[in-house]
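Everything below concerns the one structure shown next.
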Protein chains: 2
Amino acid sequence: MLFKELGDDNVTEERRISMAVIRRLPRYYRYLGELLEKGVNKISSKELSEKMNVTASQIRQDLNNFGGFGQQGYGYNVDYLHKEIAKILGLDQNYKMIIVGVGNLGQALANYNSFERRGFKLVGLFDVNPRLIGMSIRGLEVQDVDKMEAFVKEVGVDIAILTIPKTRVKDTAERLAQCGVKGLWNFSPVDLFLPEGVHVENVHLSHSLMTLAYKINDTQEK
Amino acid sequence: MLFKELGDDNVTEERRISMAVIRRLPRYYRYLGELLEKGVNKISSKELSEKMNVTASQIRQDLNNFGGFGQQGYGYNVDYLHKEIAKILGLDQNYKMIIVGVGNLGQALANYNSFERRGFKLVGLFDVNPRLIGMSIRGLEVQDVDKMEAFVKEVGVDIAILTIPKTRVKDTAERLAQCGVKGLWNFSPVDLFLPEGVHVENVHLSHSLMTLAYKINDTQEK
């Protein structure tokens with residue numbers, strides 16, 4: 001995302017926000033949401049830093065990427081900041097999602113209702129397994145994956161969650177890319193290289209578990 | 001992890017590897033494992049870089065953190081590098097794991113068999129739900145969470161997978177920390193701050209989905 005801002009010499013500059021900062025935003029969003037639920041309307045970077053266990057200077061730096069939002073001596077307006085982060089992340093929009101692969105993990109994700117509250121609406125479930133086709137989860141019937149492309153085009157699906165065996169991922173991802181899906185949330189241990197305009201976010205569970213093993217063995221790491 | 005190495009002036013130096021590098025190692029490990037399966041025994045950083053879609057210089061920099069492994073004009077010995085990365089990550093050891101919370105996600109993780117191949121052995125399942133207690137998954141019976149602490153101490157559990165509602169996470173994590181668990185793999189949208197010696201790795205699914213929303217909206221991002 002490019003942000004226009006006025007530089008020191010009043011010339012409009014465009015800056016690129018690093019993905020490292022972007023990846024920290026959902027955490028701010030979560031904490032600010034919890035504060036709102038508790039009726040907290042303003043917070044200083046120091047208080048927020050104590051809650052989140054990051055330095056106040058990190059918080060100021062991160063939020064300064066988007067023009068700041070904070071007022072000297074007042075702190076942050078929680079509701080405003082929460083809404084602005086939502087806009088930056090694109091959470092002010094709605095997304096239609098399908099799940100491809102309704103095994104254990106696919107079923108687990110289908111049963112999450114917290115995604116829907118944030119605008120991610122599950123609209124379809126697909127599998128190849130005849131024993132799963134026809135089964136119903138939260139009011140959605142599992143369909144044959146052969147019907148996936150027609151469905152995606154007709155309904156205008158934005159995001160496909162891929163919880164399928166790794167041997168099928170590449171082919172399925174390419175089919176989805178061709179019929180207009182914009183984002184793939186991939187849970188298989190495979191890296192996808194797709195045409196421009198199709199975005200991939202991976203959840204590599206085994207990578208995460210290996211990182212935990214590293215931490216356990218790294219006696220220097222807290 | 002601290003690595004001792006000889007500096008230019010032959011003085012032993014200790015260097016700390018950044019977590020950013022560590023988090024890239026599982027991906028190297030996965031690619032090298034795939035090469036081994038195909039019978040590939042050596043690879044240049046250029047070839048590896050093309051496969052992994054990262055720059056060759058990034059690969060050389062990352063692996064130089066551990067003393068290199070590569071030989072000029074030869075490339076990397078795949079088997080050796082694979083084994084060395086395994087050692088760094090602690091994958092040359094075995095870990096006993098339990099799952100606390102055997103809902104959909106817990107069951108999905110219990111059914112993964114790929115973790116076991118890497119030395120992460122599932123030894124127990126726990127839940128509060130009477131309807132789940134007594135149920136069997138891959139030969140393990142779901143036990144009442146009241147029996148968790150005694151089990152952890154008796155069996156010597158290393159890692160607990162937390163797939164429980166967020167309201168229960170803090171309390172459960174503290175109980176596990178007290179009875180000697182070294183690592184918590186936490187799937188709840190809660191940050192855990194635990195005593196030194198207990199390591200946490202989070203899988204925040206909602207953060208990942210929000211990042212995907214960002215990517216979809218960021219027309220500059222590939």
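FYI, nothing fancy with the structure tokens labels: chains A, B, ... in order, residues from 1 per chain, ligands from 1 as they appear.
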
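Using only C-alpha atoms, the contacts of region 39-48 of chain A at a cut-off of 7 Å, with sequence neighbours closer than 6 positions omitted, comprise Ala56, Ile59, Arg60, Tyr74, Gly75, Tyr76, Asn77, Val78 and Asp79 of chain A.
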
Expected file contents, prior selection, C-alpha atoms, as a PDB file, in the first residue's frame:
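Written output follows (selection31.pdb):
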```
ATOM      1  CA  ALA A  56       6.419   2.438  23.255  1.00  0.00           C
ATOM      2  CA  ILE A  59       4.322   1.475  18.719  1.00  0.00           C
ATOM      3  CA  ARG A  60       4.946   5.110  17.821  1.00  0.00           C
ATOM      4  CA  TYR A  74      -3.311  12.951  24.928  1.00  0.00           C
ATOM      5  CA  GLY A  75      -2.467   9.556  23.568  1.00  0.00           C
ATOM      6  CA  TYR A  76      -4.435   7.608  21.030  1.00  0.00           C
ATOM      7  CA  ASN A  77      -8.154   7.746  20.417  1.00  0.00           C
ATOM      8  CA  VAL A  78      -8.883   4.021  20.613  1.00  0.00           C
ATOM      9  CA  ASP A  79     -11.985   3.954  18.427  1.00  0.00           C
TER      10      ASP A  79
END
```

### Query
Leu194 (chain A): which residues within 9 Å, counting only C-alpha atoms, same-chain residues fewer than 2 positions away excluded, as a ChimeraX atom specification?
/A:173-174,177,192,196-200

### Message
Which residues are near Ala86 (chain A)? Cut-off 10 Å, only C-alpha atoms, ignore same chain within fewer than 2 positions. Put them as a PyMOL selection string.
### Response
(chain A and resi 25-26+29+80-84+88-93+118) or (chain B and resi 210+214)

Export of the given selection (N, CA, C and O atoms) as a compact mmCIF listing (two decimals), in the first residue's frame:
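Result file again02.txt:
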```
# COMPACT_ATOMS: atom_id res chain seq x y z
N LEU A 25 0.03 -5.14 12.48
CA LEU A 25 -1.22 -4.41 12.64
C LEU A 25 -2.38 -5.23 13.20
O LEU A 25 -3.14 -4.73 14.04
N PRO A 26 -2.55 -6.50 12.78
CA PRO A 26 -3.68 -7.26 13.35
C PRO A 26 -3.60 -7.35 14.87
O PRO A 26 -4.62 -7.39 15.55
N TYR A 29 -4.85 -4.19 16.22
CA TYR A 29 -6.29 -4.20 15.99
C TYR A 29 -7.00 -5.02 17.08
O TYR A 29 -8.02 -4.61 17.62
N TYR A 80 -10.93 5.59 16.99
CA TYR A 80 -10.43 6.12 15.71
C TYR A 80 -9.29 5.23 15.18
O TYR A 80 -9.29 4.83 14.02
N LEU A 81 -8.36 4.91 16.07
CA LEU A 81 -7.21 4.11 15.66
C LEU A 81 -7.65 2.72 15.19
O LEU A 81 -7.18 2.18 14.18
N HIS A 82 -8.60 2.12 15.93
CA HIS A 82 -9.15 0.82 15.59
C HIS A 82 -9.77 0.86 14.18
O HIS A 82 -9.50 -0.01 13.35
N LYS A 83 -10.53 1.90 13.92
CA LYS A 83 -11.17 2.03 12.60
C LYS A 83 -10.16 2.27 11.50
O LYS A 83 -10.29 1.75 10.39
N GLU A 84 -9.13 3.08 11.79
CA GLU A 84 -8.13 3.37 10.77
C GLU A 84 -7.33 2.12 10.41
O GLU A 84 -7.04 1.87 9.24
N ILE A 88 -6.92 0.23 6.80
CA ILE A 88 -5.62 -0.12 6.20
C ILE A 88 -5.59 -1.60 5.83
O ILE A 88 -5.13 -1.98 4.76
N LEU A 89 -6.11 -2.44 6.72
CA LEU A 89 -6.09 -3.88 6.49
C LEU A 89 -7.18 -4.32 5.50
O LEU A 89 -7.18 -5.46 5.05
N GLY A 90 -8.10 -3.42 5.21
CA GLY A 90 -9.19 -3.79 4.32
C GLY A 90 -10.34 -4.47 5.05
O GLY A 90 -11.14 -5.19 4.45
N LEU A 91 -10.43 -4.24 6.37
CA LEU A 91 -11.49 -4.89 7.15
C LEU A 91 -12.77 -4.07 7.16
O LEU A 91 -13.74 -4.43 7.82
N ASP A 92 -12.75 -2.96 6.41
CA ASP A 92 -13.98 -2.18 6.26
C ASP A 92 -14.80 -2.72 5.08
O ASP A 92 -15.81 -2.14 4.71
N GLN A 93 -14.31 -3.81 4.49
CA GLN A 93 -15.02 -4.43 3.37
C GLN A 93 -15.47 -5.84 3.74
O GLN A 93 -15.05 -6.38 4.75
N ARG A 118 -15.84 -10.31 11.32
CA ARG A 118 -14.91 -9.32 10.75
C ARG A 118 -15.12 -9.10 9.26
O ARG A 118 -14.32 -8.48 8.60
N MET B 210 -6.34 -11.51 8.18
CA MET B 210 -6.33 -10.04 7.99
C MET B 210 -5.19 -9.62 7.06
O MET B 210 -5.34 -8.70 6.26
N TYR B 214 -5.32 -7.49 3.56
CA TYR B 214 -4.43 -6.38 3.20
C TYR B 214 -3.82 -6.60 1.81
O TYR B 214 -3.82 -5.71 0.97
```

Report the closest atom pair, with its distance in Å rounded to one decimal, for each residue of region 90-165 of chain A that has an atom no farther than 12 Å from region 149-171 of chain B; count only C-alpha atoms, sort by chain and then rising residue number, and write it as CSV.
```
residue,atom,partner,partner_atom,distance
A:Ala108,CA,B:Thr163,CA,10.9
A:Tyr112,CA,B:Pro165,CA,11.4
A:Ser114,CA,B:Pro165,CA,11.9
```

Output all heavy atoms for every residue in the selection just made, as a CSV table (one decimal), in the first residue's frame.
```csv
chain,number,residue,atom,x,y,z
A,108,ALA,N,-12.9,-27.6,10.9
A,108,ALA,CA,-12.6,-26.7,12.0
A,108,ALA,C,-12.7,-25.2,11.6
A,108,ALA,O,-13.4,-24.4,12.3
A,108,ALA,CB,-11.2,-27.0,12.5
A,112,TYR,N,-15.5,-21.9,12.7
A,112,TYR,CA,-15.2,-20.7,13.3
A,112,TYR,C,-16.2,-19.6,13.0
A,112,TYR,O,-16.5,-19.4,11.8
A,112,TYR,CB,-13.8,-20.2,12.7
A,112,TYR,CG,-12.6,-20.6,13.5
A,112,TYR,CD1,-12.4,-21.9,13.7
A,112,TYR,CD2,-11.7,-19.6,13.9
A,112,TYR,CE1,-11.2,-22.3,14.4
A,112,TYR,CE2,-10.5,-20.0,14.6
A,112,TYR,CZ,-10.3,-21.4,14.8
A,112,TYR,OH,-9.2,-21.7,15.5
A,114,SER,N,-15.9,-16.5,14.2
A,114,SER,CA,-15.3,-15.1,14.5
A,114,SER,C,-14.8,-14.5,13.2
A,114,SER,O,-14.7,-13.2,13.1
A,114,SER,CB,-14.1,-15.2,15.5
A,114,SER,OG,-13.1,-16.1,14.9
```

### Task
Just the residues within 8 Å of Gly134 (chain A), please, counting only C-alpha atoms, with nothing from its chain fewer than 5 positions along; format it as a list in words.
Glu141, Val142 and Gln143 of chain A

### Query
Where does DSSP see strand (DSSP E) in region 12-195 of chain B, if you list the residues as number ranges by chain?
B: 12-16, 42-43, 76-77, 95-100, 120-127, 136-137, 140-144, 159-162, 183-186

Same residues, N, CA and C atoms, output as a short mmCIF file (atom, residue, chain, number, x, y, z; two decimals), in the first residue's frame:
```
data_model
loop_
_atom_site.label_atom_id
_atom_site.label_comp_id
_atom_site.auth_asym_id
_atom_site.auth_seq_id
_atom_site.Cartn_x
_atom_site.Cartn_y
_atom_site.Cartn_z
N THR B 12 37.62 -16.33 19.45
CA THR B 12 36.28 -16.92 19.40
C THR B 12 35.23 -15.84 19.68
N GLU B 13 34.27 -15.77 18.78
CA GLU B 13 33.21 -14.78 18.95
C GLU B 13 31.88 -15.51 19.12
N GLU B 14 30.99 -14.89 19.86
CA GLU B 14 29.64 -15.45 19.94
C GLU B 14 28.69 -14.50 19.25
N ARG B 15 27.87 -15.08 18.39
CA ARG B 15 26.92 -14.25 17.68
C ARG B 15 25.53 -14.78 17.90
N ARG B 16 24.58 -13.89 17.85
CA ARG B 16 23.21 -14.28 18.04
C ARG B 16 22.50 -14.25 16.68
N LYS B 42 23.47 -32.46 -4.49
CA LYS B 42 24.08 -31.15 -4.33
C LYS B 42 23.32 -30.11 -5.13
N ILE B 43 23.41 -28.86 -4.65
CA ILE B 43 22.68 -27.78 -5.31
C ILE B 43 23.43 -26.47 -5.10
N TYR B 76 25.98 -26.59 -2.36
CA TYR B 76 25.68 -27.16 -1.05
C TYR B 76 25.50 -28.67 -1.14
N ASN B 77 26.01 -29.37 -0.16
CA ASN B 77 25.73 -30.79 0.01
C ASN B 77 24.35 -30.88 0.68
N TYR B 95 10.14 -35.09 20.85
CA TYR B 95 9.32 -34.30 21.75
C TYR B 95 8.02 -35.03 22.04
N LYS B 96 7.61 -35.01 23.29
CA LYS B 96 6.30 -35.57 23.64
C LYS B 96 5.28 -34.43 23.72
N MET B 97 4.19 -34.61 22.99
CA MET B 97 3.19 -33.54 22.91
C MET B 97 1.84 -34.00 23.43
N ILE B 98 1.11 -33.06 24.02
CA ILE B 98 -0.31 -33.30 24.30
C ILE B 98 -1.13 -32.22 23.60
N ILE B 99 -2.39 -32.53 23.39
CA ILE B 99 -3.32 -31.53 22.87
C ILE B 99 -4.33 -31.24 23.97
N VAL B 100 -4.47 -29.97 24.28
CA VAL B 100 -5.47 -29.57 25.28
C VAL B 100 -6.57 -28.83 24.53
N PHE B 120 7.88 -35.28 16.65
CA PHE B 120 6.91 -34.72 17.59
C PHE B 120 5.83 -35.78 17.83
N LYS B 121 5.93 -36.47 18.95
CA LYS B 121 5.04 -37.60 19.19
C LYS B 121 3.87 -37.19 20.10
N LEU B 122 2.67 -37.42 19.61
CA LEU B 122 1.48 -37.10 20.40
C LEU B 122 1.28 -38.20 21.44
N VAL B 123 1.22 -37.82 22.72
CA VAL B 123 1.09 -38.83 23.78
C VAL B 123 -0.18 -38.68 24.60
N GLY B 124 -0.89 -37.55 24.46
CA GLY B 124 -2.11 -37.40 25.26
C GLY B 124 -3.06 -36.36 24.70
N LEU B 125 -4.35 -36.55 25.00
CA LEU B 125 -5.40 -35.63 24.58
C LEU B 125 -6.25 -35.28 25.79
N PHE B 126 -6.57 -34.02 25.95
CA PHE B 126 -7.34 -33.59 27.12
C PHE B 126 -8.45 -32.62 26.73
N ASP B 127 -9.57 -32.74 27.44
CA ASP B 127 -10.67 -31.81 27.21
C ASP B 127 -11.52 -31.72 28.49
N SER B 136 -11.74 -41.85 21.26
CA SER B 136 -10.38 -42.25 20.90
C SER B 136 -9.98 -41.68 19.54
N ILE B 137 -8.79 -41.10 19.45
CA ILE B 137 -8.27 -40.59 18.17
C ILE B 137 -6.88 -41.17 17.95
N LEU B 140 -5.38 -42.84 20.89
CA LEU B 140 -5.27 -42.12 22.16
C LEU B 140 -6.67 -41.75 22.66
N GLU B 141 -6.88 -41.99 23.95
CA GLU B 141 -8.18 -41.68 24.51
C GLU B 141 -8.17 -40.25 25.09
N VAL B 142 -9.23 -39.52 24.82
CA VAL B 142 -9.35 -38.16 25.38
C VAL B 142 -9.59 -38.27 26.88
N GLN B 143 -8.74 -37.59 27.66
CA GLN B 143 -8.85 -37.65 29.12
C GLN B 143 -9.41 -36.33 29.67
N ASP B 144 -9.94 -36.42 30.87
CA ASP B 144 -10.41 -35.24 31.57
C ASP B 144 -9.22 -34.32 31.86
N ILE B 159 5.75 -30.52 25.04
CA ILE B 159 4.99 -29.49 24.32
C ILE B 159 3.49 -29.71 24.53
N ALA B 160 2.77 -28.62 24.81
CA ALA B 160 1.31 -28.70 24.85
C ALA B 160 0.73 -27.83 23.74
N ILE B 161 -0.16 -28.43 22.97
CA ILE B 161 -0.88 -27.70 21.93
C ILE B 161 -2.17 -27.18 22.54
N LEU B 162 -2.34 -25.87 22.51
CA LEU B 162 -3.52 -25.27 23.14
C LEU B 162 -4.55 -24.89 22.09
N GLY B 183 7.25 -26.03 26.10
CA GLY B 183 6.77 -25.24 24.97
C GLY B 183 5.26 -25.30 24.84
N LEU B 184 4.67 -24.16 24.51
CA LEU B 184 3.23 -24.10 24.28
C LEU B 184 2.99 -23.64 22.85
N TRP B 185 2.20 -24.43 22.13
CA TRP B 185 1.84 -24.06 20.76
C TRP B 185 0.40 -23.57 20.84
N ASN B 186 0.26 -22.27 20.82
CA ASN B 186 -1.01 -21.63 21.17
C ASN B 186 -1.80 -21.17 19.94
#
```
